[in-house]
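See below for the structure under consideration.
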Amino acid sequence: MKTLLIGEYREGKMLDSTYELLGFAQQFGGESTLLLVGSETQLPAYAGTLYLADAASCGEYNPDLHKKLILETVQKEDPDYIVFVHSSYGWDLAPRVAATLKAAQVSEIIAIADGGFEVACCNAKMRRTVKPLTAKAVLTIQAGAFPVLQPGGAPAVVKISAEGNGRLAFVGYEPTEKKDIDLAKAEVIVSAGRGVGKKDNIPVIQALATALGGELGASRPVVDAEWVSHDHQVGTTGQTVSPKLYVACGISGAIQHLAGMKKSDFILAINKDKDAPIGEIADVLVVADVMQFVPALMAKVAR
Ligand SMILES: Cc1cc2nc3c(=O)[nH]c(=O)nc-3n(C[C@H](O)[C@H](O)[C@H](O)COP(=O)(O)OP(=O)(O)OC[C@H]3O[C@@H](n4cnc5c(N)ncnc54)[C@H](O)[C@@H]3O)c2cc1C
């Protein structure tokens, strides 16, 4: 099996998600090659072959030109799988490549299963295993689902280029509106999940966050239910955080939440289910009712 991994580069920097592709490739096995539209000054620490196009001439994002580069590399390398990160870059470009190759596409892969790939379904309440039936397939991997693998060494660079304007012009990046809170800078985050039960319980979680000198975080259902604003959401569609202490209150540990907080230095999870997936990454899992445990912890903190 052979994979062609499509790395990412944004605002003059190669993104770390490129190393998640290498983590996927290691788990998948076989041979892999990397393609990056980036810069010679930002090479990945990896000793394999790197097809490198210059972002200064091909654009950081130009779907027509980038697709052309990928298709030319596919012709040379003949990979079985072309793999993207499921980011705004990947979810826009991958289907263009799959459609041109008439290849199957499997999106948002969270694990490799026997002969196939696991993807989340039913709002991530279930997983299903799918298997592409075409000779080549295009894959996108969920951010945070595979380990970051930085093997070290220097790549054997094969320079590639493409010309033309394409049908879309990249205009620029626009930062989102300034948020009231910046979870990315917080050293302590206490997050509320659906397990806290109701909006009226949020002040209890907020009080613990304040007592610990931290910020209030939340899982997506808590935001969707409008118990707290989206500024507080942690995860793939919220913020990515890496505080010294992350307290997960009534949070199950879905992959989309873990992707945003698993780099925290110390994770304390409070969950009434001893088998909740958050336990797999938590340093300490307290099996308790969160609305009993948090006030008791508050009382200790206040002393
Ligand atoms: C495309 C996409 C993007 C997503 N992006 C995000 C994202 O950015 N962030 C995010 O968080 N999610 C995201 N999700 C949703 C994600 O898949 C999960 O559905 C979500 O993280 C679950 O939130 P939760 O853990 O609060 O709720 P649940 O999964 O319902 O878990 C609740 C937990 O609370 C526990 N519990 C219940 N009652 C108590 C109690 N009294 N005391 C203690 N524990 C209790 C339960 O045992 C359970 O483990 C996304 C999903 C999709 C499909």
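If you're wondering about the labels, chains in the structure tokens are A, B, ... by order shown, residues count from 1 in each chain, ligands from 1 in order shown.
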Quiz item: What's the 8 Å shell around A:Phe170, counting only C-alpha atoms, without same-chain residues fewer than 4 positions away, as a ChimeraX atom specification?
Solution: /A:59,61-62
Keeping only N, CA and C atoms, write those residues as a short mmCIF file (atom, residue, chain, number, x, y, z; two decimals), in the first residue's frame.
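See result.cif below for the written result:
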data_model
loop_
_atom_site.label_atom_id
_atom_site.label_comp_id
_atom_site.auth_asym_id
_atom_site.auth_seq_id
_atom_site.Cartn_x
_atom_site.Cartn_y
_atom_site.Cartn_z
N GLY A 59 0.49 29.97 -4.75
CA GLY A 59 -0.54 30.45 -3.84
C GLY A 59 -0.67 29.51 -2.65
N TYR A 61 -3.37 29.02 -1.13
CA TYR A 61 -4.54 28.24 -1.49
C TYR A 61 -5.06 28.65 -2.85
N ASN A 62 -4.94 27.75 -3.78
CA ASN A 62 -5.47 27.94 -5.12
C ASN A 62 -5.92 26.54 -5.55
#
Self-check item: Contacts of A:His232 at 8 Å (only C-alpha atoms; same-chain gap of 4+ positions) as an NGL selection string
Solution: :A and (181 or 183 or 216-218 or 223 or 228 or 238-239)
Please tabulate, as a tab-separated table, the residues of chain A that come within 6 Å of ligand 1, each with its closest pair of atoms and the distance in Å to one decimal, counting only C-alpha atoms and all ligand atoms and ordering rows by chain, then residue number upward.
residue	atom	partner	partner_atom_place_in_ligand_line	distance
A:Asn123	CA	ligand 1	53 (C)	4.5
A:Ala124	CA	ligand 1	17 (O)	4.3
A:Gly193	CA	ligand 1	26 (O)	3.3
A:Arg194	CA	ligand 1	26 (O)	3.9
A:Gly195	CA	ligand 1	34 (O)	3.4
A:Val196	CA	ligand 1	41 (N)	5.9
A:Ser219	CA	ligand 1	11 (O)	3.3
A:Arg220	CA	ligand 1	10 (C)	4.0
A:Pro221	CA	ligand 1	23 (O)	5.4
A:Val234	CA	ligand 1	9 (N)	5.1
A:Gly235	CA	ligand 1	8 (O)	3.2
A:Thr236	CA	ligand 1	8 (O)	3.9
A:Thr237	CA	ligand 1	8 (O)	3.6
A:Gly238	CA	ligand 1	8 (O)	4.4
A:Gly250	CA	ligand 1	34 (O)	3.6
A:Ile251	CA	ligand 1	25 (O)	3.4
A:Ser252	CA	ligand 1	49 (O)	3.3
A:Gly253	CA	ligand 1	25 (O)	5.5
A:Ala254	CA	ligand 1	21 (O)	4.8
A:Gln256	CA	ligand 1	6 (C)	4.6
A:His257	CA	ligand 1	11 (O)	3.9
A:Ile270	CA	ligand 1	43 (C)	5.8
A:Asn271	CA	ligand 1	44 (N)	3.5
A:Lys272	CA	ligand 1	43 (C)	4.1
A:Asp273	CA	ligand 1	47 (O)	4.5
A:Ala276	CA	ligand 1	49 (O)	5.1
A:Ala288	CA	ligand 1	43 (C)	5.7
A:Asp289	CA	ligand 1	42 (N)	3.5
A:Val290	CA	ligand 1	42 (N)	3.8
Quiz item: Contacts of A:Thr18 at 10 Å or less, counting only C-alpha atoms, minus same-chain residues fewer than 2 places along, as a PyMOL selection string?
Solution: chain A and resi 5-9+14-16+20-23+34-36+44+84-85+148-150
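The gap separating atom CA of A:Val204 from atom CA of A:Ala296 is 10.9 Å, in Å to one decimal.
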